[in-house]
Amino acid sequence: MKEQDTINPSSLRQALAAKARPNLVVVAGGTDILVQLHDRVDRPWPKLLVLDGIKALGKITLHDDFVTIGPNVTFSEIESSPIIGKYAPQLAQAASVAGSVQIRNRATIGGNVANASPAGDLIPPLYVLGATLELLSVRTKRSMPIEKFFVGPGKTVLKSNELITAIRISKVKRIGFFLRLGTRQALAISKVSVAAALMIKSGIILDVKIALGAVAPTVIRAGVAEELLRGNRLDAKLIDHAAEAASKEARPIDDIRSVAAYRKEMVGILLKRGLTKILESM
Amino acid sequence: MAKENPQGNKFNVIGKASPRVDAIDKVTGRARYGADHSRTGQLYGAVLNSPYPHAIIKSINTERARALDGIRAVLTHADIPGAKSFGGIVPHQMVLCSGKVRYVGDAVAIVAAETPELADKAIELIEVEYSPCPVVSDPEQALSPSSPLVHEDGNLCAHHKVRKGDIETGFKNSDFVIEHEYTTQKVEHAYIEPEAVLAEPGENGGVTITGSVQNLYSIRRAVASVLNLPLNRVRVIQATLGGSFGGKDEAMSAICCRAALLALTTGRPVKMVNTREQSMRESYKRHPYKMRYKVGVSNDGILQAMEIKIIADAGAYAATSQFVTWRSVVQATGPYVVPHVKTDIYAAYTNNCYTGAMRGFGSPQICFAVESLMDELAAQLGLDPFEMRLRNTLKDGSITATGQKLTHRVTLDEALRNVTSAGGFKAKWLANREQDSASPIKKGIGISCSYRGVSLGAEGADAAGVGISLQTDGSAVVTCGLVDMGQGAATTISLVVAEELGLSSDKIVFLNADTTVMPDSGPTVASRTSFMAGNAARVGSTILKDRIAPVAADMLKCKASALVFCHDFISAGSSRITLAQLAAECFRRGISLSAHGWYKSPKTTWREEDGTGDAYFTFVYGANLAEVEVDIHTGRVIVTKFISCHDVGKVLNINGAKGQVYGGVAMGMGYALLEAYAEEDGQPKLGNFDEYLLPTICDMPQTEVIFLEGDDPLGPYGAKALGEPANEIAAPAIANAVANATGRRVRELPLTLERVLLGKNLIPGRERGSAMAKGAES
């Protein structure tokens with residue numbers, strides 16, 4: 001590891017002031033960025049803006065209608081937070097299976113979102129939870145649904161002077177799940193993942209959101225499958241239809257982690273498993 | 001030699017649970033690995049690799065690199081004073097390439113600079129003009145007459161054969177014949193420590209190399225020949241090794257020659273440390289095999305004939321391919337009696353990363369094929385896999401495929417009985433075939449077994465030495481020409497000396513190997529160290545003891561035959577002296593306290609024309625059992641339980657022995673389920689452990705270890721070998737378990753989720769979907 005110039009702000013104000021300058025790479029937990037920087041053998045390292053000294057960004061806060069998760073909150077904290085466990089069990093599940101204990105102790109939700117990998121494990125749960133991102137710069141403040149944030153693999157609409165300063169999810173109670181497949185039991189990036197959130201009353205699905213990871217340039221919603229489910233009674237036949245639809249909605253590629261045909265099939269398998277478990281618990 | 005101690009136990013330390021002699025050093029950080037060695041005023045070496053897998057070098061211009069401040073040397077092939085290439089079997093591996101490059105790990109130029117960053121910068125400034133040649137990437141095509149040539153004298157690197165009986169008669173005697181092709185993948189050793197060496201100009205005009213080396217003497221030969229130095233001016237010292245698994249064998253000569261060349265040119269110490277990416281790019285791998293087996297069997301389940309054709313990818317250089325494929329050809333029929341055998345194995349040169357020694361050395365591939373095949377035959381005959389094997393296994397006095405009569409105790413059936421009864425094999429195997437539950441999780445159980453020739457066999461001369469120096473305070477220094485690379489040799493050899501001299505093992509300091517201290521003991525390979533060095537340690541201890549015992553007898557006023565050496569005391573009846581007192585007295589009387597033990601292995605024979613002979617002086621036997629759960633909807637295989645039984649002759653240190661088995665199973669599981677080194681047209685498609693996935697502790701099953709002690713008359717206390725047997729049959733046990741669970745046979749490794757589910761593997765050579773994320777913002 002090379003010695004590296006860093007800026008280590010202790011307040012959000014300082015961080016935003018620093019971010020106004022060009023050519024900075026933001027480091028939260030560093031678990032993605034240090035690997036990426038290591039691979040840049042032929043280019044000098046950019047200056048790093050290290051956020052982990054900003055304590056205000058590392059909190060999970062309960063409000064009347066929503067929960068705010070600071071971008072510096074780690075996977076381990078999400079995994080063990082009773083608030084997340086109650087309002088966003090999908091997110092807690094995703095946080096608990098990513099990487100390894102060591103990585104989960106460092107990796108943050110803000111970093112996972114900003115890295116914009118289609119395989120980022122926290123992103124599908126945030127999609128189905130309808131999360132909103134708060135983006136701040138020295139002069140501007142804007143909010144957007146997380147689904148509007150991603151443009152492609154590693155590409156987002158975040159401006160060079162902006163930081164993700166909060167992730168908000170509503171307190172509306174839903175049931176759901178996060179399921180994924182990786183090459184090995186730990187330290188494996190997802191080959192494919194599926195998250196879902198449902199509101200079910202008297203066996204009827206009032207609302208449903210399904211998100212698919214690692215099967216398109218960004219995490220995507222399985223809109224056709226959702227449409228099939230919405231307003232209908234959850235049963236085995238419906239689950240099969242939804243699984244088949246979701247499988248068709250996936251647009252995966254062959255890469256070093258899996259093959260397209262496998263990923264497409266697994267989208268259906270994982271969705272079916274998740275929904276079947278809900279059906280069985282009803 | 002040690003027999004009984006006063007307590008009536010046979011041994012004081014042998015066979016007990018001894019901690020590693022290097023454990024404290026390793027956990028406290030005192031141990032110094034290759035990259036931990038530095039010298040004041042050292043320079044940093046760097047290598048310019050070829051960007052092409054196959055190309056003619058038209059010109060090399062180092063001017064701009066030389067002009068850079070802080071650069072002390074920029075060298076090419078023209079600057080090599082002696083031989084331009086090295087290689088123990090075929091001396092054609094270029095230290096620095098001149099005419100052409102044959103794989104992307106080939107080096108064209110080297111640099112020594114004041115800092116590592118400057119060295120990297122200088123490398124970028126070297127201009128090489130290449131003219132790319134057609135790339136040979138498929139070993140089968142490489143052997144066709146129309147293939148472009150990797151080496152001028154043809155692409156055939158090795159061909160060995162075994163002929164026994166008459167293959168046509170064998171098939172005529174068979175009631176049915178099956179024919180299948182099995183393939184195994186290229187895998188990386190994945191030692192945790194990448195290659196690292198420090199070369200220092202010596203006061204005598206020579207050079208001293210300290211580093212992560214497994215095979216000191218062949219490296220010394222290479223460096224001496226490349227630098228035109230006599231052997232006595234090249235000193236190679238083994239640093240504490242952070243794993244090797246066969247991977248830091250003779251091919252470490254490349255980095256050692258380059259560092260030595262830079263050190264002698266600049267007159268300063270030169271350090272060269274590979275990054276993981278460089279290590280993956282340059283270092284040889286396990287040979288991928290394509291194996292075609294045609295097997296005839298009679299209705300009673302008795303093997304009649306095996307016709308085997310194997311193609312191995314040698315990659316760009318021969319390295320140890322001749323020997324790796326030789327072990328394969330000897331053991332290709334598995335541990336079974338087969339009256340009619342015709343085996344041919346070919347290794348072909350390609351422009352892929354070259355292949356060489358790796359734990360197992362040509363056996364894991366053929367074990368996968370034969371052990372899969374035995375299950376397939378059993379299925380055809382309606383026998384269970386255990387019964388199928390028992391009808392064909394080698395037994396006392398059996399004749400192997402190479403015509404060797406087994407004169408030692410053959411414990412193969414015992415090993416198979418042990419794992420099958422401990423694992424409840426037959427009942428589970430039958431029950432698993434009837435699983436009709438709605439659950440997608442299917443259980444599977446599988447077995448495998450092997451025989452393996454101990455040590456080098458008919459590869460060549462096989463001898464080793466151990467040095468023992470007793471000190472006047474009763475402590476001792478022990479060293480050996482073979483190395484501890486993590487397998488526990490330092491502990492094992494120390495325990496033998498401790499046993500023989502009645503020393504406590506904590507009174508022994510074990511020195512890492514050093515070519516100026518110990519004579520050429522050959523390579524630390526072939527699971528030969530406990531056997532060869534163990535015997536040498538017994539010989540040396542006996543020499544020393546025979547010298548000091550008369551002094552003890554004199555001091556205790558008894559006959560030398562009445563003396564007992566135990567727990568740092570020498571006693572005769574009720575009177576005793578300490579070993580320290582004895583050593584001090586010997587010193588006072590001018591008696592040497594230093595001894596050197598040398599052991600040469602028994603004779604082996606080989607006729608290359610028809611592949612017959614007593615290939616190895618003895619064999620070991622083992623059996624494995626794996627239980628798995630396969631998710632038939634996702635293809636995920638989880639190994640839930642593993643049982644490993646090995647006849648080691650005699651356990652020398654139960655801790656070390658178990659460690660070998662756990663490590664062997666983990667490595668075999670990676671081979672079975674996960675690992676594959678991907679290349680496309682000679683270009684590596686992965687460079688680090690984020691993409692080359694090894695098993696982690698979370699994937700490891702509960703592993704039960706059963707040792708058989710067959711008590712070989714040749715081994716030290718009867719000990720034979722374990723390191724490689726522990727690894728070679730893990731994968732087929734898992735593959736057989738998967739087939740038991742799914743009812744479908746996969747004949748290709750690794751059993752990734754994709755392959756188990758769809759029968760197809762990952763397509764190497766595609767970027768990952770998130771590759772664009774790598775750019776970060778800048």
# chains A, B, ... in the order shown; residues from 1 in each chain; ligands from 1
call {"tool": "residues_around", "arguments": {"residues": "segment 80-92 of chain A", "least_positions_apart": "2", "cutoff": "9 Å", "atoms": "only C-alpha atoms", "output": "PyMOL selection string"}}
result
chain A and resi 60-62+67+75-78+94-97+121-126+128-129+169-179+195-197
call {"tool": "closest_atom_pairs", "arguments": {"of": "chain A", "to": "chain B", "cutoff": "6 Å", "atoms": "only C-alpha atoms", "output": "Markdown table"}}
result
| residue | atom | partner | partner_atom | distance |
| --- | --- | --- | --- | --- |
| A:Asn23 | CA | B:Ser778 | CA | 4.6 |
| A:Gln36 | CA | B:Lys774 | CA | 5.2 |
| A:Ser117 | CA | B:Ser770 | CA | 5.6 |
| A:Pro153 | CA | B:Ser770 | CA | 5.0 |
| A:Gly154 | CA | B:Ala773 | CA | 3.8 |
| A:Gln185 | CA | B:Asp699 | CA | 5.9 |
| A:Asp255 | CA | B:Arg766 | CA | 4.9 |
| A:Ile256 | CA | B:Arg768 | CA | 5.6 |
| A:Ser258 | CA | B:Leu762 | CA | 5.5 |
| A:Val259 | CA | B:Leu762 | CA | 5.8 |
call {"tool": "write_last_selection", "arguments": {"atoms": "all heavy atoms", "output": "PDB file, in the first residue's frame"}}
result
ATOM      1  N   ASN A  23     -11.189  16.413  -8.600  1.00  0.00           N
ATOM      2  CA  ASN A  23     -10.218  15.311  -8.512  1.00  0.00           C
ATOM      3  C   ASN A  23     -10.049  14.716  -7.117  1.00  0.00           C
ATOM      4  O   ASN A  23      -8.937  14.476  -6.669  1.00  0.00           O
ATOM      5  CB  ASN A  23      -8.849  15.740  -9.038  1.00  0.00           C
ATOM      6  CG  ASN A  23      -8.928  16.154 -10.484  1.00  0.00           C
ATOM      7  OD1 ASN A  23      -9.718  15.600 -11.256  1.00  0.00           O
ATOM      8  ND2 ASN A  23      -8.152  17.147 -10.843  1.00  0.00           N
ATOM      9  N   GLN A  36     -10.102  -0.772  -5.841  1.00  0.00           N
ATOM     10  CA  GLN A  36     -10.071  -0.086  -7.137  1.00  0.00           C
ATOM     11  C   GLN A  36      -8.781   0.707  -7.309  1.00  0.00           C
ATOM     12  O   GLN A  36      -8.176   0.709  -8.372  1.00  0.00           O
ATOM     13  CB  GLN A  36     -11.284   0.833  -7.276  1.00  0.00           C
ATOM     14  CG  GLN A  36     -12.595   0.054  -7.436  1.00  0.00           C
ATOM     15  CD  GLN A  36     -13.818   0.880  -7.094  1.00  0.00           C
ATOM     16  OE1 GLN A  36     -13.741   2.094  -6.923  1.00  0.00           O
ATOM     17  NE2 GLN A  36     -14.961   0.221  -6.986  1.00  0.00           N
ATOM     18  N   SER A 117     -22.347  -0.465  -7.865  1.00  0.00           N
ATOM     19  CA  SER A 117     -22.205  -1.766  -8.519  1.00  0.00           C
ATOM     20  C   SER A 117     -23.590  -2.380  -8.673  1.00  0.00           C
ATOM     21  O   SER A 117     -24.392  -2.328  -7.746  1.00  0.00           O
ATOM     22  CB  SER A 117     -21.326  -2.681  -7.678  1.00  0.00           C
ATOM     23  OG  SER A 117     -21.500  -4.027  -8.110  1.00  0.00           O
ATOM     24  N   PRO A 153     -23.124   0.807 -14.499  1.00  0.00           N
ATOM     25  CA  PRO A 153     -22.182   0.243 -13.517  1.00  0.00           C
ATOM     26  C   PRO A 153     -21.168   1.309 -13.093  1.00  0.00           C
ATOM     27  O   PRO A 153     -20.470   1.856 -13.943  1.00  0.00           O
ATOM     28  CB  PRO A 153     -21.483  -0.880 -14.295  1.00  0.00           C
ATOM     29  CG  PRO A 153     -22.303  -1.100 -15.517  1.00  0.00           C
ATOM     30  CD  PRO A 153     -23.041   0.167 -15.797  1.00  0.00           C
ATOM     31  N   GLY A 154     -21.147   1.644 -11.833  1.00  0.00           N
ATOM     32  CA  GLY A 154     -20.199   2.644 -11.323  1.00  0.00           C
ATOM     33  C   GLY A 154     -20.560   4.068 -11.682  1.00  0.00           C
ATOM     34  O   GLY A 154     -19.810   4.989 -11.399  1.00  0.00           O
ATOM     35  N   GLN A 185     -19.263 -19.323   0.476  1.00  0.00           N
ATOM     36  CA  GLN A 185     -20.101 -18.961   1.628  1.00  0.00           C
ATOM     37  C   GLN A 185     -19.828 -17.564   2.174  1.00  0.00           C
ATOM     38  O   GLN A 185     -20.699 -16.965   2.786  1.00  0.00           O
ATOM     39  CB  GLN A 185     -19.897 -19.968   2.761  1.00  0.00           C
ATOM     40  CG  GLN A 185     -20.009 -21.400   2.334  1.00  0.00           C
ATOM     41  CD  GLN A 185     -21.383 -21.966   2.608  1.00  0.00           C
ATOM     42  OE1 GLN A 185     -22.390 -21.308   2.371  1.00  0.00           O
ATOM     43  NE2 GLN A 185     -21.421 -23.188   3.089  1.00  0.00           N
ATOM     44  N   ASP A 255     -20.145 -12.923 -17.313  1.00  0.00           N
ATOM     45  CA  ASP A 255     -18.918 -12.266 -16.864  1.00  0.00           C
ATOM     46  C   ASP A 255     -18.150 -13.247 -15.998  1.00  0.00           C
ATOM     47  O   ASP A 255     -18.473 -14.438 -15.977  1.00  0.00           O
ATOM     48  CB  ASP A 255     -19.220 -10.939 -16.148  1.00  0.00           C
ATOM     49  CG  ASP A 255     -19.899 -11.132 -14.803  1.00  0.00           C
ATOM     50  OD1 ASP A 255     -20.021 -12.285 -14.343  1.00  0.00           O
ATOM     51  OD2 ASP A 255     -20.305 -10.120 -14.201  1.00  0.00           O
ATOM     52  N   ILE A 256     -17.143 -12.738 -15.306  1.00  0.00           N
ATOM     53  CA  ILE A 256     -16.266 -13.647 -14.565  1.00  0.00           C
ATOM     54  C   ILE A 256     -16.988 -14.308 -13.392  1.00  0.00           C
ATOM     55  O   ILE A 256     -16.563 -15.333 -12.895  1.00  0.00           O
ATOM     56  CB  ILE A 256     -14.994 -12.909 -14.120  1.00  0.00           C
ATOM     57  CG1 ILE A 256     -13.921 -13.893 -13.665  1.00  0.00           C
ATOM     58  CG2 ILE A 256     -15.286 -11.902 -13.016  1.00  0.00           C
ATOM     59  CD1 ILE A 256     -12.546 -13.507 -14.056  1.00  0.00           C
ATOM     60  N   SER A 258     -20.472 -15.181 -13.341  1.00  0.00           N
ATOM     61  CA  SER A 258     -21.522 -16.136 -13.704  1.00  0.00           C
ATOM     62  C   SER A 258     -21.837 -16.024 -15.193  1.00  0.00           C
ATOM     63  O   SER A 258     -21.194 -15.265 -15.911  1.00  0.00           O
ATOM     64  CB  SER A 258     -22.784 -15.914 -12.873  1.00  0.00           C
ATOM     65  OG  SER A 258     -23.643 -17.034 -12.991  1.00  0.00           O
ATOM     66  N   VAL A 259     -22.821 -16.800 -15.615  1.00  0.00           N
ATOM     67  CA  VAL A 259     -23.255 -16.741 -17.013  1.00  0.00           C
ATOM     68  C   VAL A 259     -24.703 -16.260 -17.053  1.00  0.00           C
ATOM     69  O   VAL A 259     -25.485 -16.482 -16.120  1.00  0.00           O
ATOM     70  CB  VAL A 259     -23.124 -18.107 -17.723  1.00  0.00           C
ATOM     71  CG1 VAL A 259     -21.672 -18.466 -17.922  1.00  0.00           C
ATOM     72  CG2 VAL A 259     -23.833 -19.207 -16.944  1.00  0.00           C
TER      73      VAL A 259
END
call {"tool": "select_by_dssp", "arguments": {"residues": "segment 40-273 of chain A", "states": "strand (DSSP E or B)", "output": "PyMOL selection string"}}
result
chain A and resi 47-50+60-62+66-69+74+108+132-136+141-145+150-152+155-156+163-170+175-181+192-201+204-213+220-221+233
call {"tool": "residues_around", "arguments": {"residues": "segment 42-58 of chain A", "least_positions_apart": "4", "cutoff": "8 Å", "atoms": "only C-alpha atoms", "output": "MDAnalysis selection string"}}
result
(chainID A and resid 4:12 15 18:19 23:29 37 69:74 165:166) or (chainID B and resid 778)
call {"tool": "residues_around", "arguments": {"residues": "Ala726 of chain B", "least_positions_apart": "2", "cutoff": "7 Å", "atoms": "only C-alpha atoms", "output": "JSON, numbers by chain"}}
result
{"B": [660, 661, 664, 665, 722, 723, 724, 728]}
call {"tool": "atom_distance", "arguments": {"atom1": "atom CA of Arg106 of chain A", "atom2": "atom CA of Ala188 of chain A"}}
result
16.1 Å
call {"tool": "residues_around", "arguments": {"residues": "segment 64-66 of chain B", "least_positions_apart": "2", "cutoff": "7 Å", "atoms": "only C-alpha atoms", "output": "list in words"}}
result
Thr62, Leu68, Ile71, Val74, Ala122, Ile123, Leu125 and Ile126 of chain B
call {"tool": "write_last_selection", "arguments": {"atoms": "all heavy atoms", "output": "PDB file, in the first residue's frame"}}
result
ATOM      1  N   THR B  62      16.708   0.535 -24.235  1.00  0.00           N
ATOM      2  CA  THR B  62      16.657   0.849 -22.796  1.00  0.00           C
ATOM      3  C   THR B  62      17.169   2.249 -22.493  1.00  0.00           C
ATOM      4  O   THR B  62      17.305   2.621 -21.329  1.00  0.00           O
ATOM      5  CB  THR B  62      17.495  -0.166 -22.005  1.00  0.00           C
ATOM      6  OG1 THR B  62      18.845  -0.101 -22.469  1.00  0.00           O
ATOM      7  CG2 THR B  62      16.968  -1.579 -22.161  1.00  0.00           C
ATOM      8  N   LEU B  68      17.107   7.835 -16.634  1.00  0.00           N
ATOM      9  CA  LEU B  68      16.336   8.273 -15.468  1.00  0.00           C
ATOM     10  C   LEU B  68      17.234   8.330 -14.230  1.00  0.00           C
ATOM     11  O   LEU B  68      18.050   7.437 -14.014  1.00  0.00           O
ATOM     12  CB  LEU B  68      15.205   7.258 -15.255  1.00  0.00           C
ATOM     13  CG  LEU B  68      13.972   7.687 -14.488  1.00  0.00           C
ATOM     14  CD1 LEU B  68      13.226   8.788 -15.235  1.00  0.00           C
ATOM     15  CD2 LEU B  68      13.057   6.481 -14.313  1.00  0.00           C
ATOM     16  N   ILE B  71      18.407   5.268 -11.382  1.00  0.00           N
ATOM     17  CA  ILE B  71      18.428   3.934 -11.982  1.00  0.00           C
ATOM     18  C   ILE B  71      19.871   3.449 -12.005  1.00  0.00           C
ATOM     19  O   ILE B  71      20.766   4.126 -12.524  1.00  0.00           O
ATOM     20  CB  ILE B  71      17.867   3.977 -13.423  1.00  0.00           C
ATOM     21  CG1 ILE B  71      16.448   4.538 -13.430  1.00  0.00           C
ATOM     22  CG2 ILE B  71      17.893   2.575 -14.050  1.00  0.00           C
ATOM     23  CD1 ILE B  71      15.452   3.795 -12.574  1.00  0.00           C
ATOM     24  N   VAL B  74      19.989  -1.294 -16.031  1.00  0.00           N
ATOM     25  CA  VAL B  74      18.909  -1.755 -16.901  1.00  0.00           C
ATOM     26  C   VAL B  74      19.530  -2.865 -17.751  1.00  0.00           C
ATOM     27  O   VAL B  74      20.441  -2.611 -18.532  1.00  0.00           O
ATOM     28  CB  VAL B  74      18.370  -0.630 -17.811  1.00  0.00           C
ATOM     29  CG1 VAL B  74      17.189  -1.153 -18.630  1.00  0.00           C
ATOM     30  CG2 VAL B  74      17.952   0.579 -16.997  1.00  0.00           C
ATOM     31  N   ALA B 122      11.079   3.188 -14.589  1.00  0.00           N
ATOM     32  CA  ALA B 122      12.083   2.832 -15.594  1.00  0.00           C
ATOM     33  C   ALA B 122      11.548   1.731 -16.505  1.00  0.00           C
ATOM     34  O   ALA B 122      11.777   1.742 -17.717  1.00  0.00           O
ATOM     35  CB  ALA B 122      13.368   2.391 -14.910  1.00  0.00           C
ATOM     36  N   ILE B 123      10.834   0.791 -15.914  1.00  0.00           N
ATOM     37  CA  ILE B 123      10.268  -0.313 -16.712  1.00  0.00           C
ATOM     38  C   ILE B 123       9.363   0.239 -17.810  1.00  0.00           C
ATOM     39  O   ILE B 123       9.401  -0.200 -18.958  1.00  0.00           O
ATOM     40  CB  ILE B 123       9.472  -1.281 -15.783  1.00  0.00           C
ATOM     41  CG1 ILE B 123      10.431  -2.101 -14.916  1.00  0.00           C
ATOM     42  CG2 ILE B 123       8.529  -2.182 -16.575  1.00  0.00           C
ATOM     43  CD1 ILE B 123      11.326  -3.053 -15.656  1.00  0.00           C
ATOM     44  N   LEU B 125       9.638   2.953 -19.307  1.00  0.00           N
ATOM     45  CA  LEU B 125      10.392   3.696 -20.326  1.00  0.00           C
ATOM     46  C   LEU B 125      11.185   2.789 -21.277  1.00  0.00           C
ATOM     47  O   LEU B 125      11.799   3.267 -22.217  1.00  0.00           O
ATOM     48  CB  LEU B 125      11.356   4.684 -19.642  1.00  0.00           C
ATOM     49  CG  LEU B 125      10.680   5.812 -18.849  1.00  0.00           C
ATOM     50  CD1 LEU B 125      11.723   6.678 -18.146  1.00  0.00           C
ATOM     51  CD2 LEU B 125       9.814   6.659 -19.770  1.00  0.00           C
ATOM     52  N   ILE B 126      11.171   1.495 -20.997  1.00  0.00           N
ATOM     53  CA  ILE B 126      11.883   0.581 -21.895  1.00  0.00           C
ATOM     54  C   ILE B 126      11.015   0.333 -23.123  1.00  0.00           C
ATOM     55  O   ILE B 126       9.820   0.028 -22.998  1.00  0.00           O
ATOM     56  CB  ILE B 126      12.209  -0.752 -21.183  1.00  0.00           C
ATOM     57  CG1 ILE B 126      13.116  -0.483 -19.989  1.00  0.00           C
ATOM     58  CG2 ILE B 126      12.873  -1.739 -22.149  1.00  0.00           C
ATOM     59  CD1 ILE B 126      13.294  -1.677 -19.070  1.00  0.00           C
TER      60      ILE B 126
END
call {"tool": "atom_distance", "arguments": {"atom1": "atom CA of Asn352 of chain B", "atom2": "atom CA of Thr320 of chain B"}}
result
15.5 Å
call {"tool": "residues_around", "arguments": {"residues": "Asn232 of chain A", "least_positions_apart": "5", "cutoff": "9 Å", "atoms": "only C-alpha atoms", "output": "PDB file with C-alpha atoms, in the first residue's frame"}}
result
ATOM      1  CA  GLY A 203     -54.091 -12.813   1.741  1.00  0.00           C
ATOM      2  CA  ILE A 204     -54.318 -10.087  -0.913  1.00  0.00           C
ATOM      3  CA  ILE A 205     -51.160  -8.322  -2.043  1.00  0.00           C
ATOM      4  CA  LEU A 206     -51.960  -4.643  -1.720  1.00  0.00           C
ATOM      5  CA  LEU A 238     -49.262 -16.811  -8.777  1.00  0.00           C
TER       6      LEU A 238
END
call {"tool": "atom_distance", "arguments": {"atom1": "atom CA of Asn736 of chain B", "atom2": "atom CA of Lys658 of chain B"}}
result
23.8 Å
call {"tool": "closest_residue", "arguments": {"among": "A:Ile269, A:Ile278, A:Ala20, A:Ala107", "to": "Leu198 of chain A", "atoms": "only C-alpha atoms"}}
result
A:Ile278
call {"tool": "closest_atom_pairs", "arguments": {"of": "segment 325-435 of chain B", "to": "segment 100-114 of chain B", "cutoff": "9 Å", "atoms": "only C-alpha atoms", "output": "CSV"}}
result
residue,atom,partner,partner_atom,distance
B:Thr350,CA,B:Arg102,CA,8.1
B:Asn351,CA,B:Tyr103,CA,5.0
B:Asn352,CA,B:Tyr103,CA,5.9
B:Cys353,CA,B:Tyr103,CA,6.1
B:Tyr354,CA,B:Tyr103,CA,7.9
call {"tool": "closest_residue", "arguments": {"among": "A:Met266, A:Ala225, A:Met282, A:Ile33", "to": "His241 of chain A", "atoms": "only C-alpha atoms"}}
result
A:Ala225
call {"tool": "residues_around", "arguments": {"residues": "segment 20-22 of chain B", "least_positions_apart": "2", "cutoff": "6 Å", "atoms": "only C-alpha atoms", "output": "MDAnalysis selection string"}}
result
chainID B and resid 24:25 491
call {"tool": "decode", "arguments": {"residues": "segment 66-76 of chain A", "atoms": "N, CA, C and O atoms", "output": "CSV table (one decimal), in the first residue's frame"}}
result
chain,number,residue,atom,x,y,z
A,66,PHE,N,-40.4,8.3,9.2
A,66,PHE,CA,-39.3,7.6,8.4
A,66,PHE,C,-38.1,7.4,9.3
A,66,PHE,O,-38.0,7.9,10.5
A,67,VAL,N,-37.2,6.6,8.8
A,67,VAL,CA,-35.9,6.3,9.4
A,67,VAL,C,-34.8,6.9,8.6
A,67,VAL,O,-34.8,6.7,7.4
A,68,THR,N,-33.9,7.6,9.2
A,68,THR,CA,-32.7,8.1,8.5
A,68,THR,C,-31.5,7.2,8.8
A,68,THR,O,-31.2,7.0,10.0
A,69,ILE,N,-30.9,6.8,7.8
A,69,ILE,CA,-29.6,6.1,8.0
A,69,ILE,C,-28.5,6.9,7.4
A,69,ILE,O,-28.5,7.3,6.2
A,70,GLY,N,-27.5,7.3,8.3
A,70,GLY,CA,-26.4,8.1,7.9
A,70,GLY,C,-25.5,7.3,6.9
A,70,GLY,O,-25.4,6.0,7.0
A,71,PRO,N,-24.9,7.9,5.9
A,71,PRO,CA,-24.1,7.2,5.0
A,71,PRO,C,-22.9,6.4,5.6
A,71,PRO,O,-22.4,5.4,5.0
A,72,ASN,N,-22.4,6.9,6.7
A,72,ASN,CA,-21.3,6.2,7.4
A,72,ASN,C,-21.7,5.0,8.2
A,72,ASN,O,-20.8,4.3,8.8
A,73,VAL,N,-23.0,4.7,8.3
A,73,VAL,CA,-23.4,3.5,9.0
A,73,VAL,C,-22.9,2.2,8.4
A,73,VAL,O,-23.0,2.1,7.1
A,74,THR,N,-22.3,1.4,9.2
A,74,THR,CA,-21.6,0.2,8.6
A,74,THR,C,-22.6,-1.0,8.4
A,74,THR,O,-23.7,-1.0,9.0
A,75,PHE,N,-22.2,-1.9,7.6
A,75,PHE,CA,-23.0,-3.1,7.4
A,75,PHE,C,-23.3,-3.8,8.7
A,75,PHE,O,-24.4,-4.3,9.0
A,76,SER,N,-22.2,-3.9,9.6
A,76,SER,CA,-22.4,-4.5,10.9
A,76,SER,C,-23.4,-3.8,11.7
A,76,SER,O,-24.2,-4.5,12.4
